[in-house]
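Student: Take a look at model_29.txt, compact mmCIF, C-alpha atoms and all ligand atoms:
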```
# COMPACT_ATOMS: atom_id res chain seq x y z
CA MET A 1 119.21 57.93 85.46
CA VAL A 2 116.69 60.78 85.27
CA THR A 3 117.07 64.47 84.41
CA ILE A 4 114.79 66.93 86.20
CA ILE A 5 114.42 70.61 85.36
CA GLY A 6 113.24 72.64 88.35
CA GLY A 7 114.13 72.09 92.00
CA GLY A 8 110.89 73.46 93.43
CA ILE A 9 108.43 71.36 95.41
CA ALA A 10 107.87 68.57 92.85
CA GLY A 11 111.43 68.36 91.49
CA THR A 12 113.05 68.29 94.94
CA VAL A 13 110.67 65.68 96.36
CA LEU A 14 110.98 63.46 93.28
CA ALA A 15 114.79 63.68 93.20
CA GLY A 16 115.02 62.83 96.91
CA ALA A 17 112.62 59.89 96.66
CA LEU A 18 114.43 58.47 93.60
CA ALA A 19 117.85 58.89 95.22
CA ARG A 20 116.62 57.01 98.32
CA ASP A 21 115.84 54.11 95.98
CA GLY A 22 119.27 54.25 94.36
CA ILE A 23 118.14 55.97 91.14
CA SER A 24 120.25 58.97 90.35
CA ALA A 25 118.49 62.11 89.25
CA THR A 26 120.22 65.31 88.20
CA VAL A 27 118.16 68.40 88.98
CA TYR A 28 118.86 71.75 87.33
CA GLU A 29 117.43 74.61 89.37
CA ARG A 30 117.85 78.15 88.10
CA ARG A 31 117.80 79.86 91.48
CA ASP A 32 120.78 79.84 93.83
CA ALA A 33 118.46 78.80 96.65
CA VAL A 34 114.80 77.93 96.61
CA GLY A 35 112.04 78.96 98.96
CA ALA A 36 111.23 82.62 98.44
CA GLY A 37 107.57 83.62 98.28
CA ALA A 38 104.35 83.45 100.18
CA PHE A 39 102.90 80.94 102.60
CA LEU A 40 100.83 77.97 101.53
CA VAL A 41 98.61 75.32 103.02
CA LEU A 42 99.20 71.61 102.47
CA ASP A 43 96.26 69.29 103.05
CA GLY A 44 96.08 65.84 104.64
CA PRO A 45 96.70 63.87 101.41
CA ALA A 46 99.78 66.02 100.66
CA HIS A 47 101.25 65.09 104.04
CA GLU A 48 100.47 61.39 103.55
CA THR A 49 102.16 61.45 100.16
CA LEU A 50 105.25 63.22 101.49
CA GLY A 51 105.48 60.64 104.27
CA GLU A 52 105.13 57.79 101.78
CA LEU A 53 107.99 59.22 99.74
CA GLY A 54 110.21 59.32 102.83
CA VAL A 55 110.05 62.97 103.90
CA ASP A 56 110.37 63.35 107.68
CA THR A 57 106.82 64.23 108.70
CA SER A 58 107.91 65.22 112.22
CA ALA A 59 110.22 67.82 110.66
CA LEU A 60 107.25 69.07 108.63
CA ARG A 61 105.11 69.31 111.77
CA ALA A 62 107.82 71.20 113.61
CA ILE A 63 107.96 74.02 111.05
CA SER A 64 104.25 74.31 110.20
CA HIS A 65 101.10 75.58 111.88
CA PRO A 66 97.89 73.59 112.33
CA VAL A 67 94.79 74.64 110.41
CA ASN A 68 92.02 73.28 112.59
CA GLY A 69 89.27 74.20 110.17
CA LEU A 70 88.20 76.42 107.31
CA ALA A 71 85.71 79.01 108.51
CA VAL A 72 83.72 80.55 105.67
CA HIS A 73 81.94 83.83 106.38
CA GLU A 74 79.68 85.39 103.80
CA VAL A 75 77.38 88.41 104.19
CA SER A 76 73.77 87.32 104.80
CA CYS A 77 74.73 83.63 105.08
CA ALA A 78 75.41 81.68 108.26
CA SER A 79 79.14 81.11 108.78
CA ARG A 80 80.20 77.49 108.34
CA VAL A 81 83.30 75.64 109.51
CA VAL A 82 84.76 72.77 107.50
CA PRO A 83 87.17 70.49 109.41
CA GLY A 84 90.85 71.15 108.80
CA ALA A 85 91.38 67.53 107.71
CA GLY A 86 95.11 67.51 108.29
CA ARG A 87 95.82 70.88 106.72
CA ARG A 88 98.85 72.83 107.91
CA LEU A 89 100.19 76.24 107.00
CA TYR A 90 103.82 76.62 105.86
CA PHE A 91 106.06 79.49 105.05
CA ARG A 92 107.59 78.51 101.76
CA PRO A 93 111.27 78.95 102.76
CA GLN A 94 110.83 76.61 105.72
CA LEU A 95 108.94 74.00 103.69
CA MET A 96 111.64 74.06 101.02
CA ARG A 97 114.33 73.72 103.69
CA VAL A 98 112.81 70.43 104.91
CA LEU A 99 112.41 69.17 101.35
CA THR A 100 115.96 70.11 100.33
CA ASP A 101 117.32 68.50 103.53
CA PHE A 102 115.42 65.33 102.57
CA ALA A 103 116.91 65.38 99.06
CA ALA A 104 120.41 66.18 100.35
CA ALA A 105 120.29 63.34 102.92
CA ALA A 106 119.45 60.95 100.06
CA ASN A 107 122.41 62.33 98.05
CA ALA A 108 120.25 63.69 95.26
CA ASP A 109 122.27 65.74 92.78
CA ILE A 110 120.62 69.16 92.77
CA ARG A 111 122.53 71.85 90.89
CA TYR A 112 121.43 75.31 92.01
CA GLY A 113 122.09 78.37 89.92
CA CYS A 114 121.72 76.29 86.72
CA ALA A 115 119.02 77.74 84.49
CA VAL A 116 118.08 75.53 81.58
CA GLY A 117 117.70 77.77 78.55
CA ALA A 118 116.40 75.38 75.91
CA PHE A 119 115.48 71.76 75.23
CA ASP A 120 115.79 70.27 71.75
CA GLY A 121 114.74 66.68 72.35
CA ASP A 122 118.24 65.30 73.13
CA THR A 123 120.05 68.04 74.98
CA VAL A 124 119.32 70.82 77.42
CA ARG A 125 121.24 74.06 77.34
CA VAL A 126 122.69 74.90 80.74
CA GLY A 127 124.51 78.23 80.49
CA ALA A 128 126.60 78.01 77.32
CA GLU A 129 126.80 74.21 77.48
CA ALA A 130 124.59 71.68 75.63
CA VAL A 131 124.16 68.80 78.07
CA PRO A 132 122.84 65.45 76.78
CA VAL A 133 119.65 64.44 78.58
CA ALA A 134 120.31 61.31 80.62
CA GLY A 135 117.22 59.12 80.87
CA PRO A 136 113.75 60.60 80.75
CA LEU A 137 113.41 64.35 81.18
CA ILE A 138 111.01 65.47 83.90
CA ALA A 139 110.01 69.10 83.47
CA ALA A 140 109.12 70.34 86.95
CA ASP A 141 109.94 73.90 85.95
CA GLY A 142 106.80 75.57 87.20
CA ILE A 143 103.97 77.61 85.75
CA ASP A 144 106.09 79.34 83.07
CA SER A 145 107.71 76.06 82.06
CA MET A 146 110.35 76.45 79.37
CA VAL A 147 109.82 72.80 78.37
CA ARG A 148 106.05 73.24 77.98
CA ALA A 149 106.75 76.30 75.82
CA CYS A 150 108.96 74.09 73.58
CA LEU A 151 106.58 71.12 73.44
CA GLU A 152 103.22 72.88 73.56
CA PRO A 153 103.65 76.54 72.59
CA ASP A 154 99.87 76.92 72.35
CA ARG A 155 99.33 76.08 76.04
CA PRO A 156 100.56 79.14 77.96
CA ALA A 157 99.48 80.00 81.51
CA VAL A 158 96.31 82.12 81.48
CA TYR A 159 95.20 84.82 83.89
CA ALA A 160 92.49 83.61 86.29
CA ASP A 161 90.92 87.09 86.76
CA GLN A 162 92.27 87.73 90.25
CA VAL A 163 95.30 89.41 91.75
CA VAL A 164 96.45 87.77 94.99
CA VAL A 165 98.00 89.78 97.81
CA TYR A 166 99.81 87.87 100.57
CA GLY A 167 100.95 89.33 103.87
CA VAL A 168 102.52 88.13 107.10
CA THR A 169 102.53 90.36 110.16
CA ASP A 170 105.83 91.22 111.79
CA ASN A 171 104.57 90.08 115.19
CA ALA A 172 101.92 87.72 116.48
CA VAL A 173 98.67 89.70 116.40
CA PRO A 174 95.85 88.57 118.69
CA LEU A 175 92.57 88.99 116.81
CA PRO A 176 88.87 88.77 117.68
CA SER A 177 88.47 85.74 115.35
CA GLU A 178 89.01 82.14 116.51
CA GLN A 179 92.66 81.18 116.30
CA SER A 180 94.12 78.38 114.15
CA LEU A 181 91.13 78.50 111.81
CA LEU A 182 91.68 79.65 108.23
CA HIS A 183 88.97 82.30 107.97
CA PHE A 184 87.60 83.23 104.55
CA GLN A 185 85.60 86.42 104.27
CA ILE A 186 83.74 86.01 101.00
CA HIS A 187 82.78 89.17 99.15
CA ARG A 188 80.48 88.89 96.14
CA VAL A 189 81.54 90.91 93.05
CA GLY A 190 78.48 92.66 91.59
CA ASP A 191 75.49 90.38 90.94
CA GLY A 192 77.47 87.61 89.26
CA PRO A 193 78.86 84.36 90.68
CA ARG A 194 82.36 85.80 91.18
CA THR A 195 83.68 86.28 94.68
CA ASP A 196 86.66 88.05 96.14
CA ALA A 197 88.03 86.85 99.45
CA PHE A 198 90.05 87.94 102.42
CA GLY A 199 91.63 85.08 104.32
CA HIS A 200 93.51 85.01 107.59
CA LEU A 201 94.92 82.65 110.18
CA TRP A 202 96.55 83.53 113.46
CA ASN A 203 97.92 81.74 116.49
CA ASP A 204 100.19 82.73 119.37
CA ARG A 205 103.24 82.75 117.06
CA ILE A 206 102.12 84.07 113.66
CA ALA A 207 99.43 85.91 111.74
CA ALA A 208 99.13 85.48 107.98
CA TRP A 209 96.58 86.86 105.55
CA PHE A 210 95.73 87.12 101.88
CA ALA A 211 93.28 88.89 99.61
CA ARG A 212 91.99 87.72 96.24
CA ILE A 213 90.85 90.65 94.19
CA THR A 214 88.98 90.39 90.87
CA ARG A 215 90.52 92.96 88.53
CA PRO A 216 92.74 93.24 85.47
CA ALA A 217 96.14 91.54 85.72
CA ILE A 218 99.15 93.48 86.96
CA SER A 219 102.18 93.72 84.68
CA GLY A 220 104.97 91.18 85.04
CA GLN A 221 107.31 93.79 86.48
CA ASP A 222 104.81 94.57 89.27
CA VAL A 223 104.72 90.95 90.45
CA GLY A 224 106.65 90.76 93.70
CA PHE A 225 106.90 92.64 96.99
CA HIS A 226 105.39 96.09 97.56
CA PRO A 227 104.93 98.35 100.58
CA THR A 228 101.65 97.37 102.24
CA ALA A 229 100.20 100.88 101.82
CA THR A 230 100.22 100.45 98.02
CA TRP A 231 97.57 97.72 98.24
CA ALA A 232 95.85 98.57 101.53
CA ASP A 233 92.71 100.18 100.06
CA ALA A 234 92.17 97.31 97.62
CA VAL A 235 92.48 94.85 100.52
CA ARG A 236 90.06 96.85 102.70
CA ALA A 237 87.49 96.79 99.90
CA VAL A 238 87.47 92.97 99.91
CA ALA A 239 86.58 92.61 103.59
CA PRO A 240 84.40 95.58 104.60
CA ASP A 241 82.65 93.53 107.33
CA ILE A 242 85.72 92.93 109.49
CA PRO A 243 87.56 96.26 109.49
CA ASP A 244 89.09 95.60 112.92
CA VAL A 245 90.79 92.39 111.73
CA VAL A 246 91.90 93.91 108.43
CA GLU A 247 93.30 97.05 110.05
CA SER A 248 95.20 95.05 112.68
CA MET A 249 96.76 92.92 109.97
CA LEU A 250 97.61 95.83 107.67
CA ALA A 251 99.09 97.89 110.49
CA ASP A 252 101.58 95.16 111.39
CA THR A 253 102.51 94.07 107.86
CA ASP A 254 105.51 95.82 106.40
CA ARG A 255 105.24 94.60 102.79
CA VAL A 256 102.98 92.37 100.73
CA HIS A 257 103.63 89.91 97.92
CA VAL A 258 101.41 90.55 94.90
CA SER A 259 100.94 88.28 91.90
CA ASN A 260 98.46 87.26 89.22
CA ALA A 261 96.45 84.09 89.84
CA ARG A 262 96.98 81.90 86.78
CA ASP A 263 96.02 78.48 85.45
CA VAL A 264 97.68 76.16 82.96
CA PRO A 265 94.65 74.60 81.26
CA LEU A 266 94.66 70.86 80.67
CA THR A 267 92.12 71.12 77.87
CA ALA A 268 93.91 70.55 74.55
CA ALA A 269 97.09 69.33 76.30
CA LEU A 270 99.19 67.00 74.14
CA PRO A 271 99.47 63.45 75.55
CA PRO A 272 102.43 62.88 77.89
CA ARG A 273 105.51 61.16 76.39
CA ASP A 274 107.92 58.60 77.79
CA ASP A 275 111.03 60.62 76.92
CA VAL A 276 109.78 63.90 78.43
CA VAL A 277 106.91 64.65 80.79
CA LEU A 278 105.63 67.80 82.42
CA CYS A 279 105.09 67.57 86.17
CA GLY A 280 103.29 69.78 88.71
CA ASP A 281 102.60 73.41 87.79
CA ALA A 282 104.47 72.95 84.51
CA ASP A 283 101.61 70.71 83.38
CA HIS A 284 98.49 71.81 85.25
CA ALA A 285 98.98 74.85 87.51
CA ILE A 286 95.79 76.04 89.15
CA SER A 287 94.97 79.39 90.75
CA PRO A 288 96.05 79.70 94.42
CA ALA A 289 92.31 80.05 95.16
CA ALA A 290 91.99 76.27 94.76
CA GLY A 291 94.64 75.68 97.44
CA VAL A 292 95.72 72.35 95.95
CA GLY A 293 98.48 73.10 93.43
CA ALA A 294 101.32 72.00 95.69
CA ARG A 295 99.50 68.82 96.70
CA GLU A 296 98.91 68.00 93.04
CA ALA A 297 102.60 68.56 92.31
CA ILE A 298 103.58 66.26 95.21
CA GLU A 299 101.16 63.59 93.94
CA ASP A 300 102.71 63.87 90.47
CA ALA A 301 106.10 63.24 92.08
CA ARG A 302 104.74 60.09 93.73
CA ALA A 303 103.23 58.84 90.45
CA LEU A 304 106.50 59.42 88.58
CA HIS A 305 108.55 57.87 91.39
CA ARG A 306 106.35 54.78 91.24
CA ALA A 307 106.61 54.49 87.45
CA ILE A 308 110.38 54.99 87.40
CA THR A 309 111.10 52.57 90.27
CA THR A 310 108.85 49.89 88.74
CA ASP A 311 110.17 50.51 85.23
CA THR A 312 106.73 51.28 83.86
CA SER A 313 105.61 54.08 81.58
CA ILE A 314 105.92 57.62 82.94
CA ALA A 315 103.63 58.77 80.12
CA ALA A 316 100.90 56.41 81.33
CA ALA A 317 101.47 57.55 84.92
CA MET A 318 101.01 61.21 84.01
CA ALA A 319 97.99 60.44 81.80
CA THR A 320 96.37 58.82 84.85
CA ARG A 321 97.35 61.79 87.00
CA ARG A 322 95.71 64.20 84.56
CA ALA A 323 92.48 62.16 84.56
CA ASP A 324 92.47 62.10 88.39
CA ILE A 325 93.10 65.85 88.57
CA VAL A 326 90.32 66.68 86.10
CA ARG A 327 87.90 64.42 88.01
CA GLU A 328 88.80 65.92 91.37
CA ARG A 329 88.57 69.51 90.15
CA THR A 330 85.17 68.82 88.59
CA GLN A 331 83.95 67.42 91.92
CA ALA A 332 85.34 70.40 93.81
CA ARG A 333 83.40 72.79 91.54
CA ARG A 334 80.07 70.99 92.09
CA PRO A 335 77.79 72.98 94.38
CA ARG A 336 77.27 71.37 97.80
CA ASN A 337 73.85 71.15 99.43
C1 LIG A 401 100.55 82.99 96.04
C2 LIG A 401 100.41 81.49 95.91
C3 LIG A 401 99.78 80.77 96.93
C4 LIG A 401 99.63 79.38 96.82
N1 LIG A 401 99.03 78.70 97.83
C5 LIG A 401 98.90 77.36 97.74
C6 LIG A 401 98.31 76.62 98.80
O1 LIG A 401 97.89 77.17 99.83
N2 LIG A 401 98.23 75.27 98.68
C7 LIG A 401 98.70 74.61 97.56
O2 LIG A 401 98.60 73.38 97.51
N3 LIG A 401 99.25 75.29 96.54
C8 LIG A 401 99.37 76.64 96.60
N4 LIG A 401 99.94 77.33 95.57
C9 LIG A 401 100.41 76.59 94.38
C10 LIG A 401 101.79 75.97 94.62
O3 LIG A 401 102.69 76.95 95.05
C11 LIG A 401 102.29 75.32 93.34
O4 LIG A 401 101.29 74.50 92.81
C12 LIG A 401 103.55 74.50 93.60
O5 LIG A 401 104.61 75.34 94.00
C13 LIG A 401 103.95 73.74 92.34
O6 LIG A 401 105.17 73.06 92.55
P1 LIG A 401 106.14 72.79 91.31
O7 LIG A 401 107.29 72.06 91.86
O8 LIG A 401 105.37 72.22 90.18
O9 LIG A 401 106.58 74.24 90.84
P2 LIG A 401 107.47 75.30 91.64
O10 LIG A 401 107.38 75.06 93.09
O11 LIG A 401 107.08 76.63 91.08
O12 LIG A 401 108.96 74.95 91.19
C14 LIG A 401 109.42 75.19 89.89
C15 LIG A 401 110.92 75.39 89.98
O13 LIG A 401 111.49 75.36 88.66
C16 LIG A 401 112.50 76.34 88.61
N5 LIG A 401 112.69 76.68 87.19
C17 LIG A 401 111.80 77.31 86.39
N6 LIG A 401 112.30 77.43 85.15
C18 LIG A 401 113.54 76.86 85.18
C19 LIG A 401 114.55 76.67 84.20
N7 LIG A 401 114.39 77.09 82.94
N8 LIG A 401 115.71 76.04 84.56
C20 LIG A 401 115.89 75.61 85.84
N9 LIG A 401 114.96 75.77 86.82
C21 LIG A 401 113.80 76.38 86.48
C22 LIG A 401 111.99 77.48 89.47
O14 LIG A 401 113.02 78.32 89.92
C23 LIG A 401 111.30 76.72 90.60
O15 LIG A 401 112.17 76.51 91.70
C24 LIG A 401 100.09 78.71 95.65
C25 LIG A 401 100.70 79.43 94.63
C26 LIG A 401 100.85 80.81 94.75
C27 LIG A 401 101.50 81.57 93.61
```
I'd like the structure from this file rewritten - as structure tokens, please.

Tutor:
Amino acid sequence: MVTIIGGGIAGTVLAGALARDGISATVYERRDAVGAGAFLVLDGPAHETLGELGVDTSALRAISHPVNGLAVHEVSCASRVVPGAGRRLYFRPQLMRVLTDFAAAANADIRYGCAVGAFDGDTVRVGAEAVPVAGPLIAADGIDSMVRACLEPDRPAVYADQVVVYGVTDNAVPLPSEQSLLHFQIHRVGDGPRTDAFGHLWNDRIAAWFARITRPAISGQDVGFHPTATWADAVRAVAPDIPDVVESMLADTDRVHVSNARDVPLTAALPPRDDVVLCGDADHAISPAAGVGAREAIEDARALHRAITTDTSIAAAMATRRADIVRERTQARRPRN
């Protein structure tokens, strides 16, 4: 028996995979339904891991869009295209629908509309009720994890210096750029190493775009959807070299989702425990700019699934995950020749 807080990507996948192996997991998810929010890209390893855990990869293919390559365009540099390597673009509601169908088919016990208000080591507070924690507690409760706040109050999420604006056009918009490539227009900020970016991908069914803008954080109450016009000038400033693409996207986008890019640093994290572990964004969220947070959360779910089904230490499994994540992120930051 396992208790999971958070029925997002990691919690849902883990609960479904455990239930398939006959291990019951109770998931408490505060929202009535999951899946609101922007689009995201899952890479090849994320898809392999989902397949390994039993998620129907043909259902994933049916709802997603191929990313044939990453095309990076920077002023005064030659454009370069990196192979897509199995990446696909998802709208979050559709991805969550496939994952919740997977968990439901395995008879996982996911309780929506159940916010967990506190954790005291033995019980979780669900509404007015103190519920004893059955088995280990997996905190998959996202970047503002209540459990991390209880266990490690000195490790809050920190602003990563960029506001991210996500938009999806109301119609398919044919553009002058090559379709099914994720184009990044890189815009250097001043003379320093910082870069802003405008990204877009289109095909004959959809057109999606984002902007990453270096600036002070927006207030918590401003996180969410806004009319496109509110952010249009800031978006234009990020991609001055492709005004035709930007204007086509802005003109056909009704509203944008705006949020602060944030990280949960792993430096100074307390060691994972066997009675309670943090999983996914709750433990090591990384700015959307990295494009790997969801894959890391899915890989955490696989590591925990393996530990629980083989009756080995979940603390050791998450300690190994953290070491792998730190190594991979360090490699990703190394300049390439
Ligand atoms: C704009 C944006 C773009 C991104 N793009 C990408 C991308 O392209 N590729 C990529 O790999 N990653 C991307 N990410 C990161 C990715 O979304 C996260 O890493 C991923 O969602 C983490 O999964 P998770 O299950 O750990 O957390 P979440 O998916 O956030 O799930 C946490 C769940 O816990 C629930 N919860 C929280 N508190 C409680 C509580 N007290 N009680 C009960 N339930 C609770 C929440 O409602 C939520 O459903 C992006 C993130 C953002 C913000």

Student: Using all atoms of ligand LIG 401 (chain A) listed in the file and a margin of 4 Å per side, can you give the axis-aligned box centre and edge lengths in Å to one decimal, as JSON?

Tutor:
```
{"center_x": 106.9, "center_y": 77.5, "center_z": 91.4, "size_x": 26.0, "size_y": 18.9, "size_z": 24.9}
```

Student: Residues near Arg155 of chain A, anyone? I mean within 12 Å using all atoms listed in the file, not counting same-chain ones fewer than 6 positions away, as number ranges by chain.

Tutor: A: 143-149, 263-270, 282-285

Student: Work out how far apart atom CA of Gly117 of chain A and atom O9 of ligand LIG 401 (chain A) are and give it in Å to one decimal.

Tutor: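 Interatomic distance here is 16.9 Å.
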
Student: Within 10 Å of Ile23 of chain A, counting all atoms listed in the file, which residues show up once you throw out same-chain ones fewer than 6 positions away? Write them as a list of chain:residue names, please.

Tutor: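 Residues near the query, excluding close chain neighbours: A:Met1, A:Val2, A:Ala15, A:Gly16, A:Ala17, A:Ala108, A:His305, A:Ile308, A:Thr309.
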
Student: Of the candidates A:Val164, A:Ile213, A:Ala316, A:Ala234, which one gets nearest to Pro288 of chain A if we count only C-alpha atoms?

Tutor: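 Closest to Pro288 of chain A, using only C-alpha atoms: A:Val164.
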
Student: Generate the missing atoms of segment 102-115 of chain A up to N, CA and C atoms and report them as a short mmCIF file (atom, residue, chain, number, x, y, z; two decimals), keeping the file's coordinate frame.

Tutor:
```cif
data_model
loop_
_atom_site.label_atom_id
_atom_site.label_comp_id
_atom_site.auth_asym_id
_atom_site.auth_seq_id
_atom_site.Cartn_x
_atom_site.Cartn_y
_atom_site.Cartn_z
N PHE A 102 115.80 66.71 102.93
CA PHE A 102 115.42 65.33 102.57
C PHE A 102 116.21 64.89 101.33
N ALA A 103 116.22 65.75 100.31
CA ALA A 103 116.91 65.38 99.06
C ALA A 103 118.42 65.27 99.29
N ALA A 104 118.96 66.19 100.10
CA ALA A 104 120.41 66.18 100.35
C ALA A 104 120.81 64.92 101.13
N ALA A 105 119.97 64.52 102.11
CA ALA A 105 120.29 63.34 102.92
C ALA A 105 120.29 62.08 102.04
N ALA A 106 119.49 62.11 100.97
CA ALA A 106 119.45 60.95 100.06
C ALA A 106 120.53 61.04 98.98
N ASN A 107 121.36 62.08 99.05
CA ASN A 107 122.41 62.33 98.05
C ASN A 107 121.88 62.61 96.66
N ALA A 108 120.74 63.27 96.58
CA ALA A 108 120.25 63.69 95.26
C ALA A 108 121.19 64.78 94.72
N ASP A 109 121.35 64.79 93.41
CA ASP A 109 122.27 65.74 92.78
C ASP A 109 121.49 66.95 92.29
N ILE A 110 121.38 67.96 93.15
CA ILE A 110 120.62 69.16 92.77
C ILE A 110 121.61 70.29 92.50
N ARG A 111 121.58 70.81 91.29
CA ARG A 111 122.53 71.85 90.89
C ARG A 111 121.82 73.21 90.86
N TYR A 112 122.06 73.99 91.91
CA TYR A 112 121.43 75.31 92.01
C TYR A 112 122.18 76.30 91.13
N GLY A 113 121.48 77.35 90.76
CA GLY A 113 122.09 78.37 89.92
C GLY A 113 122.31 77.89 88.50
N CYS A 114 121.56 76.85 88.08
CA CYS A 114 121.72 76.29 86.72
C CYS A 114 120.41 76.44 85.97
N ALA A 115 120.23 77.55 85.29
CA ALA A 115 119.02 77.74 84.49
C ALA A 115 119.14 76.96 83.20
#
```
